[in-house]
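Student: Structure file query.cif (mmCIF, C-alpha atoms) is given on the next line.
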data_query
loop_
_atom_site.label_atom_id
_atom_site.label_comp_id
_atom_site.auth_asym_id
_atom_site.auth_seq_id
_atom_site.Cartn_x
_atom_site.Cartn_y
_atom_site.Cartn_z
CA MET A 1 153.69 194.11 47.16
CA ASP A 2 153.60 197.81 47.98
CA LYS A 3 156.65 199.39 49.58
CA PHE A 4 155.93 201.46 52.69
CA PRO A 5 158.13 203.50 55.03
CA ALA A 6 159.36 201.58 58.05
CA ILE A 7 159.06 201.89 61.79
CA ILE A 8 161.66 199.91 63.74
CA LEU A 9 160.91 198.71 67.25
CA LYS A 10 163.22 198.63 70.23
CA PRO A 11 164.75 195.24 71.14
CA GLY A 12 162.22 193.03 72.92
CA LYS A 13 159.24 195.20 71.96
CA GLU A 14 158.02 192.89 69.20
CA ALA A 15 156.34 190.44 71.61
CA ALA A 16 152.92 192.13 71.54
CA VAL A 17 152.95 192.25 67.72
CA LEU A 18 153.87 188.57 67.54
CA ARG A 19 150.79 187.96 69.73
CA ARG A 20 148.83 189.89 67.07
CA HIS A 21 147.83 192.78 69.29
CA PRO A 22 146.85 195.54 66.81
CA TRP A 23 148.43 198.52 68.59
CA ILE A 24 152.03 199.75 68.63
CA PHE A 25 152.70 202.22 71.44
CA SER A 26 155.06 205.14 70.86
CA GLY A 27 157.40 204.01 73.64
CA ALA A 28 158.14 200.81 71.73
CA ILE A 29 159.56 202.64 68.71
CA ALA A 30 163.31 203.00 68.24
CA THR A 31 163.47 204.80 64.88
CA ARG A 32 161.33 205.52 61.85
CA ASP A 33 161.90 206.59 58.27
CA GLN A 34 161.84 210.26 57.43
CA GLY A 35 158.63 211.81 56.15
CA ILE A 36 156.16 209.62 58.02
CA GLY A 37 153.06 211.66 58.88
CA GLU A 38 149.67 211.18 60.50
CA GLY A 39 147.60 208.63 58.59
CA ASP A 40 150.44 207.17 56.51
CA ILE A 41 150.65 203.43 55.91
CA VAL A 42 153.80 202.01 57.49
CA GLU A 43 155.54 198.68 57.94
CA VAL A 44 156.61 197.69 61.44
CA LEU A 45 159.95 195.90 61.72
CA SER A 46 161.70 194.23 64.64
CA SER A 47 165.00 195.60 65.93
CA GLU A 48 166.65 193.03 63.67
CA GLY A 49 164.80 194.31 60.59
CA LYS A 50 162.29 191.45 60.38
CA TYR A 51 158.85 192.32 59.00
CA LEU A 52 156.09 192.17 61.64
CA ALA A 53 152.97 194.00 60.43
CA THR A 54 151.44 196.86 58.42
CA GLY A 55 149.24 199.64 59.72
CA HIS A 56 148.33 203.33 59.90
CA PHE A 57 150.60 205.76 61.72
CA LEU A 58 149.12 208.05 64.38
CA GLU A 59 150.54 210.87 66.48
CA GLY A 60 150.00 209.96 70.13
CA SER A 61 150.53 207.19 72.65
CA ILE A 62 149.15 204.63 70.19
CA ALA A 63 151.55 205.21 67.31
CA VAL A 64 150.44 202.52 64.84
CA LYS A 65 147.14 200.69 64.41
CA LEU A 66 147.79 197.45 62.54
CA PHE A 67 145.49 196.06 59.87
CA SER A 68 147.66 193.28 58.45
CA PHE A 69 150.24 190.85 59.80
CA LEU A 70 151.28 189.83 56.28
CA ARG A 71 153.02 191.99 53.69
CA THR A 72 150.29 193.11 51.35
CA SER A 73 149.21 195.59 48.70
CA THR A 74 146.67 198.09 50.01
CA GLY A 75 144.72 198.81 46.88
CA GLN A 76 141.01 198.40 46.23
CA ASP A 77 141.12 194.59 46.39
CA PHE A 78 142.56 194.59 49.90
CA TRP A 79 139.83 196.79 51.40
CA LEU A 80 137.11 194.97 49.47
CA GLY A 81 138.44 191.70 50.85
CA ARG A 82 138.23 193.02 54.41
CA LEU A 83 134.62 194.13 53.87
CA LYS A 84 133.70 190.77 52.36
CA GLN A 85 135.26 189.08 55.38
CA GLY A 86 133.09 191.23 57.66
CA PHE A 87 129.97 190.50 55.62
CA GLU A 88 130.61 186.75 55.79
CA LEU A 89 130.79 186.86 59.58
CA ARG A 90 127.42 188.67 59.72
CA ARG A 91 125.95 186.18 57.25
CA LYS A 92 126.95 183.32 59.54
CA ALA A 93 125.26 185.17 62.41
CA SER A 94 122.03 185.22 60.30
CA LEU A 95 121.98 189.01 60.09
CA THR A 96 122.32 189.58 56.33
CA SER A 97 119.28 187.78 54.94
CA SER A 98 116.72 187.61 57.75
CA PRO A 99 113.29 189.09 56.92
CA LEU A 100 113.11 190.18 60.57
CA THR A 101 116.41 192.10 60.71
CA ASN A 102 117.96 194.37 58.08
CA ALA A 103 120.40 196.43 60.16
CA TYR A 104 123.76 195.37 61.53
CA ARG A 105 127.35 196.55 62.05
CA LEU A 106 129.35 195.54 58.99
CA VAL A 107 132.75 196.70 60.28
CA PHE A 108 133.75 196.91 63.93
CA SER A 109 137.24 198.41 63.97
CA GLU A 110 139.86 196.07 65.48
CA GLY A 111 137.31 193.25 65.69
CA ASP A 112 137.28 193.16 61.88
CA GLU A 113 140.99 193.95 61.39
CA LEU A 114 140.15 197.50 60.30
CA PRO A 115 141.12 199.62 63.33
CA GLY A 116 139.75 203.14 63.21
CA LEU A 117 136.75 202.24 61.03
CA ILE A 118 133.05 201.68 61.76
CA ILE A 119 130.46 200.88 59.09
CA ASP A 120 126.81 200.29 60.00
CA TRP A 121 124.26 198.92 57.53
CA TYR A 122 120.74 200.34 57.81
CA ASN A 123 118.43 198.68 55.27
CA GLY A 124 120.32 199.99 52.24
CA VAL A 125 122.20 202.90 53.82
CA ALA A 126 125.83 202.38 54.85
CA VAL A 127 126.97 204.84 57.51
CA ILE A 128 130.75 205.25 57.75
CA GLN A 129 132.49 206.62 60.83
CA THR A 130 136.27 207.01 60.74
CA HIS A 131 138.34 207.38 63.92
CA SER A 132 141.75 207.91 62.31
CA LEU A 133 143.20 209.89 59.44
CA GLY A 134 144.41 206.67 57.83
CA MET A 135 140.86 205.38 57.46
CA HIS A 136 139.61 208.85 56.59
CA ASN A 137 142.00 208.90 53.63
CA ILE A 138 140.69 205.66 52.08
CA LYS A 139 136.99 206.57 52.12
CA PRO A 140 136.77 206.65 48.28
CA MET A 141 138.01 203.05 48.13
CA LEU A 142 135.59 202.05 50.89
CA VAL A 143 132.68 203.53 48.93
CA ASP A 144 133.70 201.60 45.82
CA ALA A 145 134.02 198.43 47.91
CA LEU A 146 130.53 198.93 49.35
CA LYS A 147 129.12 199.39 45.85
CA GLU A 148 130.68 196.12 44.71
CA LEU A 149 129.65 194.26 47.86
CA PHE A 150 125.98 195.30 47.91
CA GLY A 151 125.26 196.22 44.29
CA GLY A 152 121.76 197.57 43.75
CA LYS A 153 120.84 197.12 47.42
CA LEU A 154 123.05 200.10 48.30
CA LEU A 155 120.94 203.25 48.39
CA ALA A 156 123.45 205.61 49.95
CA VAL A 157 126.76 205.90 51.80
CA TYR A 158 126.81 208.54 54.49
CA ASP A 159 129.92 209.84 56.29
CA LYS A 160 129.29 210.44 60.00
CA SER A 161 132.84 211.31 61.03
CA THR A 162 132.72 214.94 62.14
CA GLU A 163 132.93 214.33 65.88
CA THR A 164 135.35 211.41 65.72
CA MET A 165 137.71 213.16 63.29
CA GLU A 166 137.67 216.33 65.40
CA ARG A 167 138.91 214.20 68.32
CA ALA A 168 141.55 212.61 66.07
CA ILE A 169 142.73 216.05 64.94
CA GLN A 170 142.87 217.29 68.51
CA SER A 171 144.91 214.26 69.61
CA CYS A 172 147.27 214.78 66.69
CA GLU A 173 147.84 218.43 67.58
CA ILE A 174 148.43 217.63 71.27
CA ALA A 175 151.06 215.06 70.32
CA LYS A 176 152.79 217.56 68.03
CA ARG A 177 152.95 220.19 70.74
CA ARG A 178 154.60 217.67 73.08
CA ASN A 179 157.41 217.08 70.62
CA SER A 180 157.73 219.53 67.77
CA GLU A 181 160.54 217.62 66.08
CA ARG A 182 161.07 214.02 65.11
CA PRO A 183 163.91 212.09 66.78
CA ASN A 184 166.05 212.50 63.67
CA GLY A 185 165.43 216.26 63.58
CA GLU A 186 162.94 216.26 60.68
CA LYS A 187 160.04 218.65 61.19
CA ARG A 188 156.57 217.20 61.59
CA LYS A 189 153.87 218.01 59.11
CA ALA A 190 152.07 221.22 59.97
CA LYS A 191 148.33 221.06 60.45
CA SER A 192 147.84 222.98 57.22
CA GLU A 193 149.62 220.20 55.31
CA ILE A 194 147.05 217.61 56.41
CA ASP A 195 143.75 217.67 54.55
CA PHE A 196 140.91 217.66 57.06
CA SER A 197 138.51 219.41 54.68
CA GLN A 198 136.28 216.38 54.18
CA THR A 199 135.48 215.56 57.79
CA SER A 200 131.96 217.03 57.78
CA ASP A 201 128.85 214.87 57.52
CA GLN A 202 128.02 214.13 53.90
CA PHE A 203 126.62 211.66 51.44
CA LEU A 204 129.52 209.94 49.72
CA TYR A 205 127.14 208.07 47.41
CA GLY A 206 123.44 208.38 46.69
CA ASN A 207 121.01 210.17 48.94
CA SER A 208 118.44 209.02 51.44
CA PRO A 209 116.36 210.55 54.22
CA ALA A 210 116.09 208.88 57.63
CA ILE A 211 115.59 205.18 57.00
CA GLU A 212 113.24 202.63 58.55
CA ILE A 213 114.86 199.42 59.74
CA ALA A 214 113.64 196.11 61.10
CA GLU A 215 115.26 194.49 64.12
CA THR A 216 114.03 191.05 65.20
CA GLY A 217 110.63 191.97 63.78
CA HIS A 218 110.40 195.40 65.43
CA ARG A 219 110.42 198.60 63.39
CA PHE A 220 112.50 201.71 64.02
CA ASN A 221 113.11 205.00 62.27
CA VAL A 222 116.83 205.75 62.18
CA ASP A 223 117.90 209.37 61.77
CA PHE A 224 121.53 208.68 60.90
CA ILE A 225 122.15 212.36 60.12
CA ASN A 226 121.03 213.87 63.44
CA GLY A 227 121.17 210.84 65.72
CA GLN A 228 123.89 209.86 68.17
CA LYS A 229 126.87 207.84 66.88
CA THR A 230 125.73 206.37 63.53
CA GLY A 231 122.04 206.73 64.41
CA PHE A 232 121.06 203.57 66.31
CA PHE A 233 122.63 201.36 68.98
CA LEU A 234 122.93 198.04 67.20
CA ASP A 235 125.16 196.58 69.91
CA GLN A 236 122.18 196.09 72.27
CA ARG A 237 120.12 193.89 69.94
CA SER A 238 120.46 190.63 71.87
CA ASN A 239 120.13 192.41 75.22
CA ARG A 240 116.86 193.97 74.11
CA MET A 241 115.61 190.45 73.42
CA PHE A 242 116.39 189.58 77.05
CA ALA A 243 114.43 192.66 78.13
CA GLN A 244 111.45 191.56 76.05
CA PHE A 245 111.52 188.17 77.77
CA TYR A 246 111.63 189.63 81.29
CA ALA A 247 109.17 192.49 80.69
CA LYS A 248 105.89 190.52 80.81
CA ASN A 249 103.50 192.18 83.29
CA GLN A 250 106.29 194.43 84.57
CA ARG A 251 106.18 198.14 85.31
CA VAL A 252 109.33 199.24 83.49
CA LEU A 253 111.51 202.34 83.75
CA ASN A 254 113.78 202.75 80.71
CA THR A 255 116.41 205.39 81.43
CA PHE A 256 118.73 207.01 78.87
CA CYS A 257 116.15 205.64 76.46
CA TYR A 258 117.41 207.44 73.31
CA SER A 259 114.96 206.41 70.54
CA GLY A 260 113.11 203.93 72.74
CA ALA A 261 114.32 200.59 71.40
CA PHE A 262 114.30 198.91 74.84
CA SER A 263 110.85 200.40 75.44
CA VAL A 264 109.47 198.93 72.22
CA TYR A 265 110.84 195.49 73.06
CA CYS A 266 109.41 195.63 76.58
CA LEU A 267 105.94 196.61 75.40
CA LYS A 268 106.05 193.90 72.74
CA GLY A 269 106.96 191.51 75.55
CA GLY A 270 103.79 192.36 77.47
CA ALA A 271 104.96 195.01 79.92
CA HIS A 272 102.11 196.48 81.95
CA HIS A 273 103.57 199.96 81.47
CA VAL A 274 106.86 201.48 80.28
CA HIS A 275 108.15 204.89 81.34
CA SER A 276 110.90 206.23 79.02
CA VAL A 277 113.25 208.94 80.28
CA ASP A 278 115.98 210.84 78.41
CA SER A 279 117.50 214.30 78.71
CA SER A 280 117.11 214.90 74.96
CA ARG A 281 113.75 216.21 73.75
CA GLN A 282 114.62 215.00 70.26
CA ALA A 283 115.28 211.49 71.56
CA ILE A 284 111.94 211.44 73.36
CA GLY A 285 110.30 212.51 70.09
CA TRP A 286 111.93 209.58 68.28
CA THR A 287 110.72 207.27 71.07
CA ALA A 288 107.13 208.42 70.62
CA GLU A 289 107.40 207.94 66.84
CA ASN A 290 108.68 204.38 67.27
CA MET A 291 105.75 203.54 69.55
CA VAL A 292 103.33 204.51 66.79
CA LEU A 293 105.44 202.83 64.10
CA ASN A 294 105.11 199.50 65.95
CA GLY A 295 101.37 199.89 66.51
CA LEU A 296 101.72 199.82 70.29
CA ASP A 297 99.10 200.89 72.79
CA VAL A 298 100.41 204.33 73.74
CA SER A 299 98.30 204.33 76.91
CA ARG A 300 100.80 201.76 78.24
CA HIS A 301 103.70 204.10 77.58
CA SER A 302 104.78 207.45 79.01
CA GLU A 303 107.82 209.51 78.16
CA GLU A 304 109.63 212.29 79.98
CA VAL A 305 112.41 214.72 79.15
CA ALA A 306 114.60 214.76 82.25
CA ASP A 307 118.14 214.30 83.50
CA VAL A 308 118.13 210.68 84.68
CA LYS A 309 120.16 211.34 87.83
CA ILE A 310 117.80 214.15 88.89
CA PHE A 311 114.75 212.09 87.94
CA LEU A 312 115.86 209.17 90.09
CA LYS A 313 116.60 211.52 92.96
CA ASN A 314 113.17 213.16 92.89
CA THR A 315 110.66 210.55 91.72
CA PRO A 316 108.67 208.73 94.41
CA GLU A 317 107.70 205.95 91.97
CA LYS A 318 108.65 202.30 92.37
CA TYR A 319 109.17 199.94 89.44
CA SER A 320 109.43 196.20 88.99
CA MET A 321 112.05 196.51 86.23
CA ILE A 322 114.60 199.24 85.48
CA ILE A 323 116.96 199.58 82.52
CA LEU A 324 120.13 201.65 82.96
CA ASP A 325 122.01 202.18 79.69
CA PRO A 326 124.01 205.38 80.23
CA PRO A 327 126.59 206.92 77.90
CA ALA A 328 130.24 206.18 78.59
CA PHE A 329 131.34 207.64 81.91
CA ALA A 330 135.05 206.99 81.24
CA LYS A 331 136.59 207.88 77.87
CA THR A 332 140.12 207.26 79.16
CA HIS A 333 141.84 205.31 81.92
CA GLN A 334 142.71 208.60 83.66
CA VAL A 335 139.10 209.11 84.77
CA THR A 336 138.15 205.55 85.76
CA ASN A 337 137.89 206.39 89.45
CA ASN A 338 135.36 209.15 88.83
CA ALA A 339 133.45 206.88 86.46
CA LEU A 340 133.25 204.08 89.02
CA HIS A 341 131.79 206.47 91.59
CA ALA A 342 129.24 207.58 88.98
CA TYR A 343 128.24 203.96 88.28
CA ILE A 344 127.89 203.26 92.01
CA HIS A 345 125.71 206.32 92.57
CA LEU A 346 123.53 205.72 89.50
CA ASN A 347 122.92 202.04 90.24
CA ALA A 348 122.25 202.69 93.93
CA SER A 349 119.64 205.28 92.94
CA ALA A 350 117.96 202.79 90.62
CA ILE A 351 118.05 199.98 93.19
CA ARG A 352 116.20 202.20 95.67
CA HIS A 353 113.35 202.51 93.16
CA LEU A 354 112.99 198.76 92.57
CA GLU A 355 110.31 196.77 94.31
CA PRO A 356 111.41 193.59 96.15
CA GLY A 357 112.13 190.95 93.54
CA GLY A 358 112.59 193.64 90.90
CA ILE A 359 114.82 193.21 87.84
CA LEU A 360 117.71 195.56 87.02
CA PHE A 361 119.26 195.68 83.54
CA THR A 362 122.45 197.69 83.96
CA PHE A 363 125.22 198.49 81.47
CA SER A 364 128.57 200.18 81.05
CA CYS A 365 129.85 201.06 77.58
CA SER A 366 133.05 202.60 78.96
CA GLN A 367 135.97 200.74 77.38
CA ALA A 368 138.25 201.82 80.24
CA ILE A 369 135.97 200.10 82.79
CA SER A 370 136.62 196.35 82.91
CA ARG A 371 133.95 193.78 83.61
CA GLU A 372 135.50 193.16 87.03
CA MET A 373 135.49 196.88 87.85
CA PHE A 374 131.86 197.18 86.82
CA ARG A 375 130.89 194.21 88.96
CA SER A 376 132.69 195.78 91.94
CA ALA A 377 130.76 199.01 91.38
CA LEU A 378 127.49 197.07 91.47
CA GLN A 379 128.59 195.31 94.65
CA SER A 380 129.29 198.72 96.21
CA ALA A 381 125.85 199.94 95.12
CA ALA A 382 124.27 196.90 96.78
CA ILE A 383 126.17 197.56 100.01
CA GLU A 384 125.17 201.23 99.93
CA THR A 385 121.48 200.39 99.62
CA GLY A 386 121.49 197.37 101.92
CA ARG A 387 119.79 195.26 99.23
CA ASN A 388 120.76 191.74 98.13
CA LEU A 389 121.52 191.42 94.41
CA LYS A 390 121.65 188.17 92.47
CA ILE A 391 123.26 187.95 89.03
CA LEU A 392 120.98 186.27 86.49
CA HIS A 393 122.93 186.98 83.29
CA HIS A 394 126.16 188.57 82.07
CA LEU A 395 125.59 190.63 78.92
CA SER A 396 127.82 191.96 76.16
CA GLN A 397 127.67 193.35 72.62
CA GLY A 398 126.18 191.32 69.79
CA PRO A 399 128.03 189.14 67.24
CA ASP A 400 128.22 191.98 64.72
CA HIS A 401 130.55 193.67 67.24
CA PRO A 402 133.15 190.85 67.36
CA VAL A 403 136.08 190.98 69.76
CA SER A 404 139.47 189.74 68.59
CA ILE A 405 140.94 187.27 71.06
CA TYR A 406 144.17 189.27 70.70
CA HIS A 407 142.46 192.60 71.49
CA PRO A 408 140.36 192.27 74.67
CA GLU A 409 139.95 196.06 74.71
CA GLY A 410 137.32 195.58 72.02
CA GLU A 411 134.87 194.19 74.59
CA TYR A 412 133.56 197.60 75.62
CA LEU A 413 129.93 196.78 76.48
CA LYS A 414 129.41 195.16 79.87
CA GLY A 415 125.99 194.41 81.28
CA MET A 416 124.19 192.39 83.92
CA ILE A 417 120.66 191.34 84.66
CA LEU A 418 120.19 191.39 88.41
CA MET A 419 117.38 190.43 90.74
CA VAL A 420 117.08 192.87 93.63
CA GLU A 421 115.66 191.29 96.77
#
Just give me the structure as structure tokens.
Tutor:
Amino acid sequence: MDKFPAIILKPGKEAAVLRRHPWIFSGAIATRDQGIGEGDIVEVLSSEGKYLATGHFLEGSIAVKLFSFLRTSTGQDFWLGRLKQGFELRRKASLTSSPLTNAYRLVFSEGDELPGLIIDWYNGVAVIQTHSLGMHNIKPMLVDALKELFGGKLLAVYDKSTETMERAIQSCEIAKRRNSERPNGEKRKAKSEIDFSQTSDQFLYGNSPAIEIAETGHRFNVDFINGQKTGFFLDQRSNRMFAQFYAKNQRVLNTFCYSGAFSVYCLKGGAHHVHSVDSSRQAIGWTAENMVLNGLDVSRHSEEVADVKIFLKNTPEKYSMIILDPPAFAKTHQVTNNALHAYIHLNASAIRHLEPGGILFTFSCSQAISREMFRSALQSAAIETGRNLKILHHLSQGPDHPVSIYHPEGEYLKGMILMVE
């Protein structure tokens, strides 16, 4: 087994680790070995010196993200084993060999016991996104593991970590400014001592242009280089299937449409007309391309570049079905109150544009907003508009975004299908 520097917890602070929660907060730490820096692998010990877990050290309120609760070596075999474990879960969910679907999330951070790491599979292209320096540092081993796992099916590995690593760097620097010295007096590593030179987007293996994927029989172009996140929102797959079911003969408004996946599903489901709205001209261009790619009747589809909030305020149109899938309104718990007001306002605006008996698909991808908080926001929107809402379905992320029972924070996507009377 590898020997790693140790972090020792305060008495009584081991309870969360024993419950297998994957985060150690800085306030739980009593002491740590000298020389521990951002991204280092550390062992976490109880106040009595008993081994508890292994993880990556971070500067900030979350001080360690745990990836193993057993003493282990962290060479190539360990990371390959974790990726194989993730692949097996997706195989059981019928995502790895279906002729109708060839894109899925292979690694979902804490849900796959690899906190700080996202890997999406797009029909031969693996897109990596790291959220911590620890995972950033092992990218060469991850590439080798992907080669072994997929063999000749792997066309390219692309690193899409610029934005996420910039946030990690910023958090690290903020934490250092708060406390320029370690408790034992040892100086922290200076920024110049940490190698952030490889955080830009790049091909780590192979080369590939934007790739075409299949999802439940529908076709989409994925621009993983220029697109949001890793290029496509795989977490909404099952929810788009619900939309296809409900869309028959409906007049649909798809807001925050991005590349139009919900719009494609709705038209395939027999929607009378779909109106796609997004503030990004590039996203609207991708939406139009995906309409053609799927051979859809473009006369049944219209697209518009507009701020959704302004659009809903100004349009006189009524719809029989509206989809609200906004970006996260709350990145941290400090802004949840503002986010809740934003959800209330947005949903009230949409409800006002629904015909009696209309269907509302509404989502929150803000991790800091709980399912109960989101439901309360929708109740407030109903009260504000004077309309009666009935819940038809509760929605969440798909099975390739698994949530550890020990880490409920991983359930970030909350959604409902509502009938508006």
Student: Select, from A:Thr287, A:Ser208, A:Gln250, A:Thr96, the residue with the minimum atom-to-atom distance to Phe232 of chain A, counting only C-alpha atoms.
Tutor: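 Ranking A:Thr287, A:Ser208, A:Gln250, A:Thr96 by distance to Phe232 of chain A, first place goes to A:Thr287.
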Student: Please indicate the distance in Å from atom CA of Asn249 of chain A to atom CA of Phe233 of chain A, rounded to one decimal place.
Tutor: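 For atom CA of Asn249 of chain A relative to atom CA of Phe233 of chain A, the distance reads 25.6 Å.
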Student: Compile the contact shell of Phe245 of chain A as JSON, numbers by chain: residues with an atom at most 10 Å away, counting all atoms listed in the file, same-chain residues fewer than 3 positions apart removed.
Tutor: {"A": [239, 240, 241, 242, 248, 265, 266, 268, 269, 270, 271]}
Student: Kindly save the residues from that selection, with C-alpha atoms included, as an mmCIF file, in the frame of the given file.
Tutor:
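New file again-v6.cif:
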data_model
loop_
_atom_site.group_PDB
_atom_site.id
_atom_site.type_symbol
_atom_site.label_atom_id
_atom_site.label_comp_id
_atom_site.auth_asym_id
_atom_site.auth_seq_id
_atom_site.Cartn_x
_atom_site.Cartn_y
_atom_site.Cartn_z
ATOM 1 C CA ASN A 239 120.130 192.410 75.220
ATOM 2 C CA ARG A 240 116.860 193.970 74.110
ATOM 3 C CA MET A 241 115.610 190.450 73.420
ATOM 4 C CA PHE A 242 116.390 189.580 77.050
ATOM 5 C CA LYS A 248 105.890 190.520 80.810
ATOM 6 C CA TYR A 265 110.840 195.490 73.060
ATOM 7 C CA CYS A 266 109.410 195.630 76.580
ATOM 8 C CA LYS A 268 106.050 193.900 72.740
ATOM 9 C CA GLY A 269 106.960 191.510 75.550
ATOM 10 C CA GLY A 270 103.790 192.360 77.470
ATOM 11 C CA ALA A 271 104.960 195.010 79.920
#
Student: So, with all atoms listed in the file as the atoms that count, which of A:Asn102, A:Ser320, A:Ser68, A:Asn137 lies closest to Glu355 of chain A?
Tutor: A:Ser320
Student: Tell me which protein, DNA and RNA residues are within 9 Å of Ile369 of chain A, counting only C-alpha atoms, leaving out same-chain ones fewer than 5 positions away, and put them as a list of chain:residue names.
Tutor: A:Phe329, A:Ala330, A:His333, A:Thr336, A:Ala339, A:Leu340, A:Ser364, A:Phe374, A:Tyr412, A:Lys414
Student: So that each row is one residue of segment 82-127 of chain A with an atom at most 12 Å from segment 395-411 of chain A, can you give its shortest atom pair and the distance in Å to one decimal, using only C-alpha atoms, rows by chain and rising number, as JSON lines?
Tutor:
{"residue": "A:Gly86", "atom": "CA", "partner": "A:Asp400", "partner_atom": "CA", "distance": 8.6}
{"residue": "A:Phe87", "atom": "CA", "partner": "A:Asp400", "partner_atom": "CA", "distance": 9.4}
{"residue": "A:Glu88", "atom": "CA", "partner": "A:Asp400", "partner_atom": "CA", "distance": 10.6}
{"residue": "A:Leu89", "atom": "CA", "partner": "A:Asp400", "partner_atom": "CA", "distance": 7.7}
{"residue": "A:Arg90", "atom": "CA", "partner": "A:Asp400", "partner_atom": "CA", "distance": 6.0}
{"residue": "A:Arg91", "atom": "CA", "partner": "A:Asp400", "partner_atom": "CA", "distance": 9.7}
{"residue": "A:Lys92", "atom": "CA", "partner": "A:Pro399", "partner_atom": "CA", "distance": 9.7}
{"residue": "A:Ala93", "atom": "CA", "partner": "A:Pro399", "partner_atom": "CA", "distance": 6.8}
{"residue": "A:Ser94", "atom": "CA", "partner": "A:Pro399", "partner_atom": "CA", "distance": 10.0}
{"residue": "A:Leu95", "atom": "CA", "partner": "A:Asp400", "partner_atom": "CA", "distance": 8.3}
{"residue": "A:Thr96", "atom": "CA", "partner": "A:Asp400", "partner_atom": "CA", "distance": 10.5}
{"residue": "A:Ala103", "atom": "CA", "partner": "A:Asp400", "partner_atom": "CA", "distance": 10.1}
{"residue": "A:Tyr104", "atom": "CA", "partner": "A:Asp400", "partner_atom": "CA", "distance": 6.4}
{"residue": "A:Arg105", "atom": "CA", "partner": "A:Asp400", "partner_atom": "CA", "distance": 5.4}
{"residue": "A:Leu106", "atom": "CA", "partner": "A:Asp400", "partner_atom": "CA", "distance": 6.8}
{"residue": "A:Val107", "atom": "CA", "partner": "A:His401", "partner_atom": "CA", "distance": 7.9}
{"residue": "A:Phe108", "atom": "CA", "partner": "A:His401", "partner_atom": "CA", "distance": 5.6}
{"residue": "A:Ser109", "atom": "CA", "partner": "A:Gly410", "partner_atom": "CA", "distance": 8.5}
{"residue": "A:Glu110", "atom": "CA", "partner": "A:Gly410", "partner_atom": "CA", "distance": 7.0}
{"residue": "A:Gly111", "atom": "CA", "partner": "A:Val403", "partner_atom": "CA", "distance": 4.8}
{"residue": "A:Asp112", "atom": "CA", "partner": "A:Pro402", "partner_atom": "CA", "distance": 7.2}
{"residue": "A:Glu113", "atom": "CA", "partner": "A:Ser404", "partner_atom": "CA", "distance": 8.5}
{"residue": "A:Leu114", "atom": "CA", "partner": "A:Ser404", "partner_atom": "CA", "distance": 11.4}
{"residue": "A:Pro115", "atom": "CA", "partner": "A:Gly410", "partner_atom": "CA", "distance": 10.3}
{"residue": "A:Gly116", "atom": "CA", "partner": "A:Gly410", "partner_atom": "CA", "distance": 11.9}
{"residue": "A:Ile118", "atom": "CA", "partner": "A:His401", "partner_atom": "CA", "distance": 10.0}
{"residue": "A:Ile119", "atom": "CA", "partner": "A:Asp400", "partner_atom": "CA", "distance": 10.8}
{"residue": "A:Asp120", "atom": "CA", "partner": "A:Asp400", "partner_atom": "CA", "distance": 9.7}
{"residue": "A:Trp121", "atom": "CA", "partner": "A:Asp400", "partner_atom": "CA", "distance": 10.7}
Student: Could you tell me which residues the PyMOL selection byres ((chain A and resi 380) around 12) grabs in this file, written as JSON, numbers by chain?
Tutor: {"A": [340, 341, 342, 343, 344, 345, 346, 347, 348, 351, 373, 374, 375, 376, 377, 378, 379, 381, 382, 383, 384, 385, 386, 387, 388, 389]}
Student: Looking at all atoms listed in the file, which of A:Lys313, A:Lys229, A:His353, A:Lys390 is the one that sits closest to Arg251 of chain A?
Tutor: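 So, comparing all the options, the nearest one is A:His353.
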Student: Do a neighbour search on Pro316 of chain A at 12 Å with all atoms listed in the file, toss out local chain neighbours closer than 6 positions, and write the hits as a short mmCIF file (atom, residue, chain, number, x, y, z; two decimals) with C-alpha atoms, in the coordinates of the input.
Tutor:
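So the final result, stored in result19.cif, reads:
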data_model
loop_
_atom_site.label_atom_id
_atom_site.label_comp_id
_atom_site.auth_asym_id
_atom_site.auth_seq_id
_atom_site.Cartn_x
_atom_site.Cartn_y
_atom_site.Cartn_z
CA ILE A 310 117.80 214.15 88.89
CA SER A 349 119.64 205.28 92.94
CA ALA A 350 117.96 202.79 90.62
CA ARG A 352 116.20 202.20 95.67
CA HIS A 353 113.35 202.51 93.16
CA LEU A 354 112.99 198.76 92.57
#
